[in-house]
Amino acid sequence: MGHHGRMQAHSGTGPTSSPAAPGADVPVQRSSQFPRTTSFRSRRSALSDAQQRTWARRWPTLGRQATDTPELLDTESWFGRDAPLVLEIGCGTGASTVAMAQAEPDIDVLAVEVYRRGLAQLLSAIDREDVTNIRLIRGDAVDVLDHMLAPNSLVGVRVFFPDPWPKARHHKRRLLQPATIALIADRLRPGGVLHAATDHPGYAEQIAEAGDAEPRLRRVYQDTPGLPISVVRPITKYETKAQEAGSAVAELLWEKP
């Protein structure tokens, strides 16, 4: 879902859908009754030999598939400890995920991404850097929120550079709409934070309007004292180029009082 320096998952500028080719990354379609708020594009995503080996060795313990039937995660067992839990939606290749997890070793991170190649790059970084507080879920973040996480279970939700779907007829595919923000608000524990970032002005306005309209959330800012998680993001190479080209990044934050 994130597209800056990552997989351009859900990107309106990425490859268009085509029949699945060998090695194509084709997500499982959701059958949840919860309304779909976004859509996915298939793409080629062959892993390198090294990534395949790391995947075979690490995915069985660090990764799992999203489910569209009720199956709550036992995160305490999965991480081997009881720690505050952050959900990152659309981790892409995971550069920000790894950096923020390393900066906050006392917080556990669930990184959700649709595309296997991005998850493989994140898994390789976890393996290389010996990061112990990240687990990976492949699939639709709405399924994870809807079926795999309990109310009041998250200290934070991060959504960095979700696909803006810039064409008006595609706006319904955007992730951060009122229904999803309501679901996020339900899963956040009191004091928990929703942190979104986008460089698309129209999407920023839509996110701001939906977040401000959610009665269980109140707007906060990066310098608001006492937030339970870091709200300072690493700047990716892609984002630096975007800023140099004049694209301003909107940081949008809410707290569940």
# chains A, B, ... in the order shown; residues from 1 in each chain; ligands from 1
$ residues_around --residues "A:Ile207" --least-positions-apart "2" --cutoff "8 Å" --atoms "only C-alpha atoms" --output "number ranges by chain"
A: 176-177, 203-205, 209-211, 252
$ closest_atom_pairs --of "stretch 159-225 of chain A" --to "stretch 112-124 of chain A" --cutoff "12 Å" --atoms "only C-alpha atoms" --output "CSV"
residue,atom,partner,partner_atom,distance
A:Val159,CA,A:Val112,CA,10.2
A:Phe160,CA,A:Val112,CA,11.9
A:Pro162,CA,A:Glu113,CA,11.2
$ write_last_selection --atoms "N, CA, C and O atoms" --output "JSON list (two decimals), in the first residue's frame"
[["chain", "number", "residue", "atom", "x", "y", "z"],
["A", 159, "VAL", "N", -0.06, 4.23, 8.33],
["A", 159, "VAL", "CA", -0.40, 4.08, 6.92],
["A", 159, "VAL", "C", 0.38, 5.15, 6.16],
["A", 159, "VAL", "O", -0.04, 6.30, 6.09],
["A", 160, "PHE", "N", 1.53, 4.76, 5.63],
["A", 160, "PHE", "CA", 2.41, 5.72, 4.97],
["A", 160, "PHE", "C", 2.29, 5.61, 3.46],
["A", 160, "PHE", "O", 2.54, 4.55, 2.88],
["A", 162, "PRO", "N", -0.34, 5.59, 1.24],
["A", 162, "PRO", "CA", -1.26, 4.65, 0.59],
["A", 162, "PRO", "C", -1.54, 5.12, -0.84],
["A", 162, "PRO", "O", -1.40, 6.30, -1.15]]
$ closest_residue --among "A:Arg138, A:Arg174, A:Lys256, A:Arg128" --to "A:Gly192" --atoms "only C-alpha atoms"
A:Lys256
$ atom_distance --atom1 "atom CA of A:Cys91" --atom2 "atom CA of A:Ala111"
5.8 Å
$ closest_residue --among "A:Val86, A:Ala213, A:Ala101, A:Asp127" --to "A:Trp59" --atoms "only C-alpha atoms"
A:Asp127
$ closest_residue --among "A:Lys167, A:Arg187, A:Thr93, A:Leu136" --to "A:Gly63" --atoms "only C-alpha atoms"
A:Leu136
$ select_by_dssp --residues "stretch 8-234 of chain A" --states "helix (DSSP H, G or I)" --output "VMD selection string"
chain A and resid 49 to 62 75 to 79 95 to 103 116 to 129 141 to 148 168 to 173 178 to 187 201 to 213
$ closest_residue --among "A:Ala179, A:Ala95, A:Val109, A:Val220" --to "A:Lys237" --atoms "only C-alpha atoms"
A:Ala95
$ select_by_dssp --residues "stretch 20-243 of chain A" --states "strand (DSSP E or B)" --output "ChimeraX atom specification"
/A:24-25,43-44,63-65,85-89,108-113,134-138,154-160,188-198,218-220
$ write_last_selection --atoms "C-alpha atoms" --output "compact mmCIF listing (two decimals), in the first residue's frame"
# COMPACT_ATOMS: atom_id res chain seq x y z
CA ALA A 24 3.01 -13.29 -10.74
CA ASP A 25 1.97 -11.97 -7.36
CA ARG A 43 2.32 -7.92 -10.96
CA ARG A 44 5.38 -9.99 -11.73
CA GLY A 63 4.98 -14.61 8.44
CA ARG A 64 1.43 -15.67 7.83
CA GLN A 65 -1.42 -15.15 5.42
CA LEU A 85 1.48 -3.59 19.25
CA VAL A 86 1.65 -1.39 16.13
CA LEU A 87 0.02 -2.29 12.81
CA GLU A 88 1.74 -0.93 9.70
CA ILE A 89 -0.52 -1.09 6.65
CA ASP A 108 6.09 -5.02 18.41
CA VAL A 109 5.22 -4.33 14.76
CA LEU A 110 2.80 -6.20 12.50
CA ALA A 111 3.67 -5.31 8.90
CA VAL A 112 0.95 -5.98 6.33
CA GLU A 113 1.58 -6.02 2.59
CA ILE A 134 8.55 -7.45 13.42
CA ARG A 135 6.08 -10.03 12.12
CA LEU A 136 4.68 -10.09 8.59
CA ILE A 137 1.18 -10.67 7.24
CA ARG A 138 0.46 -11.05 3.55
CA LEU A 154 -3.29 -1.70 19.06
CA VAL A 155 -1.16 1.15 20.37
CA GLY A 156 -0.72 2.48 16.86
CA VAL A 157 -1.69 2.14 13.20
CA ARG A 158 0.66 3.49 10.52
CA VAL A 159 -0.40 4.08 6.92
CA PHE A 160 2.41 5.72 4.97
CA LEU A 188 -6.88 1.16 18.81
CA ARG A 189 -6.62 1.04 22.58
CA PRO A 190 -7.25 4.22 24.58
CA GLY A 191 -4.31 6.52 23.94
CA GLY A 192 -3.51 4.75 20.67
CA VAL A 193 -2.50 6.71 17.57
CA LEU A 194 -3.41 6.62 13.88
CA HIS A 195 -0.56 8.07 11.80
CA ALA A 196 -1.08 8.59 8.07
CA ALA A 197 1.19 10.30 5.58
CA THR A 198 0.56 11.21 1.94
CA ARG A 218 -9.12 13.54 18.16
CA ARG A 219 -6.47 15.29 16.07
CA VAL A 220 -2.95 15.47 17.45
$ residues_around --residues "A:Gly246" --least-positions-apart "6" --cutoff "12 Å" --atoms "only C-alpha atoms" --output "list in words"
Asp199, His200, Pro201, Glu239 and Thr240 of chain A
$ atom_distance --atom1 "atom CA of A:Ile184" --atom2 "atom CA of A:Ala208"
14.5 Å
$ closest_residue --among "A:Ile126, A:Ala83, A:Ala182, A:Ile107" --to "A:Val142" --atoms "only C-alpha atoms"
A:Ala182
$ atom_distance --atom1 "atom CA of A:Gln102" --atom2 "atom CA of A:Leu62"
16.3 Å
$ closest_residue --among "A:Gly139, A:Gly226, A:Pro166, A:Gly90" --to "A:Thr67" --atoms "only C-alpha atoms"
A:Gly139
$ decode --residues "stretch 45-84 of chain A" --atoms "N, CA and C atoms" --output "mmCIF file, in the first residue's frame"
data_model
loop_
_atom_site.group_PDB
_atom_site.id
_atom_site.type_symbol
_atom_site.label_atom_id
_atom_site.label_comp_id
_atom_site.auth_asym_id
_atom_site.auth_seq_id
_atom_site.Cartn_x
_atom_site.Cartn_y
_atom_site.Cartn_z
ATOM 1 N N SER A 45 6.698 -10.734 -9.854
ATOM 2 C CA SER A 45 7.453 -10.491 -8.621
ATOM 3 C C SER A 45 8.356 -11.666 -8.292
ATOM 4 N N ALA A 46 9.113 -12.102 -9.265
ATOM 5 C CA ALA A 46 10.007 -13.226 -9.008
ATOM 6 C C ALA A 46 11.019 -12.835 -7.935
ATOM 7 N N LEU A 47 11.230 -13.729 -6.989
ATOM 8 C CA LEU A 47 12.216 -13.493 -5.945
ATOM 9 C C LEU A 47 13.585 -13.948 -6.432
ATOM 10 N N SER A 48 14.617 -13.299 -5.934
ATOM 11 C CA SER A 48 15.970 -13.760 -6.229
ATOM 12 C C SER A 48 16.207 -15.076 -5.489
ATOM 13 N N ASP A 49 17.254 -15.772 -5.868
ATOM 14 C CA ASP A 49 17.573 -17.036 -5.188
ATOM 15 C C ASP A 49 17.814 -16.809 -3.700
ATOM 16 N N ALA A 50 18.518 -15.734 -3.379
ATOM 17 C CA ALA A 50 18.792 -15.444 -1.967
ATOM 18 C C ALA A 50 17.494 -15.149 -1.216
ATOM 19 N N GLN A 51 16.594 -14.385 -1.853
ATOM 20 C CA GLN A 51 15.309 -14.094 -1.218
ATOM 21 C C GLN A 51 14.488 -15.370 -1.030
ATOM 22 N N GLN A 52 14.533 -16.254 -2.015
ATOM 23 C CA GLN A 52 13.807 -17.526 -1.901
ATOM 24 C C GLN A 52 14.322 -18.331 -0.717
ATOM 25 N N ARG A 53 15.632 -18.362 -0.552
ATOM 26 C CA ARG A 53 16.217 -19.123 0.557
ATOM 27 C C ARG A 53 15.830 -18.507 1.900
ATOM 28 N N THR A 54 15.903 -17.171 1.989
ATOM 29 C CA THR A 54 15.528 -16.499 3.237
ATOM 30 C C THR A 54 14.052 -16.719 3.526
ATOM 31 N N TRP A 55 13.223 -16.634 2.479
ATOM 32 C CA TRP A 55 11.780 -16.853 2.642
ATOM 33 C C TRP A 55 11.518 -18.255 3.196
ATOM 34 N N ALA A 56 12.151 -19.254 2.616
ATOM 35 C CA ALA A 56 11.930 -20.638 3.043
ATOM 36 C C ALA A 56 12.355 -20.833 4.495
ATOM 37 N N ARG A 57 13.386 -20.108 4.906
ATOM 38 C CA ARG A 57 13.930 -20.282 6.263
ATOM 39 C C ARG A 57 13.163 -19.474 7.308
ATOM 40 N N ARG A 58 12.723 -18.266 6.967
ATOM 41 C CA ARG A 58 12.178 -17.362 7.978
ATOM 42 C C ARG A 58 10.660 -17.184 7.941
ATOM 43 N N TRP A 59 10.043 -17.275 6.747
ATOM 44 C CA TRP A 59 8.603 -17.015 6.662
ATOM 45 C C TRP A 59 7.771 -17.924 7.568
ATOM 46 N N PRO A 60 8.077 -19.221 7.678
ATOM 47 C CA PRO A 60 7.214 -20.079 8.510
ATOM 48 C C PRO A 60 7.064 -19.596 9.951
ATOM 49 N N THR A 61 8.066 -18.913 10.490
ATOM 50 C CA THR A 61 7.955 -18.413 11.864
ATOM 51 C C THR A 61 7.594 -16.932 11.939
ATOM 52 N N LEU A 62 7.988 -16.148 10.936
ATOM 53 C CA LEU A 62 7.778 -14.703 11.011
ATOM 54 C C LEU A 62 6.587 -14.218 10.190
ATOM 55 N N GLY A 63 6.047 -15.064 9.324
ATOM 56 C CA GLY A 63 4.983 -14.606 8.443
ATOM 57 C C GLY A 63 3.754 -15.489 8.468
ATOM 58 N N ARG A 64 2.653 -14.902 8.032
ATOM 59 C CA ARG A 64 1.430 -15.674 7.834
ATOM 60 C C ARG A 64 0.516 -14.956 6.861
ATOM 61 N N GLN A 65 -0.458 -15.693 6.378
ATOM 62 C CA GLN A 65 -1.424 -15.154 5.424
ATOM 63 C C GLN A 65 -2.589 -14.529 6.177
ATOM 64 N N ALA A 66 -3.094 -13.406 5.649
ATOM 65 C CA ALA A 66 -4.309 -12.819 6.215
ATOM 66 C C ALA A 66 -5.477 -13.781 6.001
ATOM 67 N N THR A 67 -6.444 -13.694 6.884
ATOM 68 C CA THR A 67 -7.627 -14.543 6.763
ATOM 69 C C THR A 67 -8.869 -13.672 6.701
ATOM 70 N N ASP A 68 -9.863 -14.140 5.941
ATOM 71 C CA ASP A 68 -11.121 -13.395 5.884
ATOM 72 C C ASP A 68 -12.207 -14.103 6.680
ATOM 73 N N THR A 69 -11.767 -14.946 7.621
ATOM 74 C CA THR A 69 -12.684 -15.554 8.591
ATOM 75 C C THR A 69 -12.132 -15.267 9.982
ATOM 76 N N PRO A 70 -12.971 -15.202 11.005
ATOM 77 C CA PRO A 70 -12.493 -14.831 12.342
ATOM 78 C C PRO A 70 -11.398 -15.776 12.852
ATOM 79 N N GLU A 71 -10.253 -15.210 13.145
ATOM 80 C CA GLU A 71 -9.113 -15.984 13.642
ATOM 81 C C GLU A 71 -8.163 -15.010 14.328
ATOM 82 N N LEU A 72 -8.445 -14.692 15.588
ATOM 83 C CA LEU A 72 -7.651 -13.691 16.299
ATOM 84 C C LEU A 72 -6.197 -14.136 16.435
ATOM 85 N N LEU A 73 -5.299 -13.198 16.192
ATOM 86 C CA LEU A 73 -3.876 -13.469 16.374
ATOM 87 C C LEU A 73 -3.545 -13.572 17.853
ATOM 88 N N ASP A 74 -2.721 -14.543 18.204
ATOM 89 C CA ASP A 74 -2.146 -14.605 19.543
ATOM 90 C C ASP A 74 -0.766 -13.964 19.447
ATOM 91 N N THR A 75 -0.741 -12.636 19.509
ATOM 92 C CA THR A 75 0.516 -11.931 19.283
ATOM 93 C C THR A 75 1.521 -12.165 20.408
ATOM 94 N N GLU A 76 1.033 -12.383 21.603
ATOM 95 C CA GLU A 76 1.953 -12.642 22.724
ATOM 96 C C GLU A 76 2.756 -13.912 22.463
ATOM 97 N N SER A 77 2.082 -14.939 21.963
ATOM 98 C CA SER A 77 2.763 -16.187 21.632
ATOM 99 C C SER A 77 3.674 -16.014 20.421
ATOM 100 N N TRP A 78 3.182 -15.279 19.420
ATOM 101 C CA TRP A 78 3.931 -15.127 18.170
ATOM 102 C C TRP A 78 5.225 -14.335 18.376
ATOM 103 N N PHE A 79 5.145 -13.263 19.152
ATOM 104 C CA PHE A 79 6.336 -12.455 19.421
ATOM 105 C C PHE A 79 7.149 -12.981 20.605
ATOM 106 N N GLY A 80 6.532 -13.833 21.403
ATOM 107 C CA GLY A 80 7.228 -14.361 22.565
ATOM 108 C C GLY A 80 7.299 -13.395 23.727
ATOM 109 N N ARG A 81 6.418 -12.415 23.737
ATOM 110 C CA ARG A 81 6.378 -11.446 24.833
ATOM 111 C C ARG A 81 5.069 -10.656 24.744
ATOM 112 N N ASP A 82 4.766 -9.944 25.821
ATOM 113 C CA ASP A 82 3.604 -9.054 25.855
ATOM 114 C C ASP A 82 4.118 -7.629 25.731
ATOM 115 N N ALA A 83 3.910 -7.005 24.571
ATOM 116 C CA ALA A 83 4.423 -5.659 24.315
ATOM 117 C C ALA A 83 3.379 -4.863 23.540
ATOM 118 N N PRO A 84 3.451 -3.531 23.600
ATOM 119 C CA PRO A 84 2.534 -2.715 22.800
ATOM 120 C C PRO A 84 2.662 -3.076 21.320
#
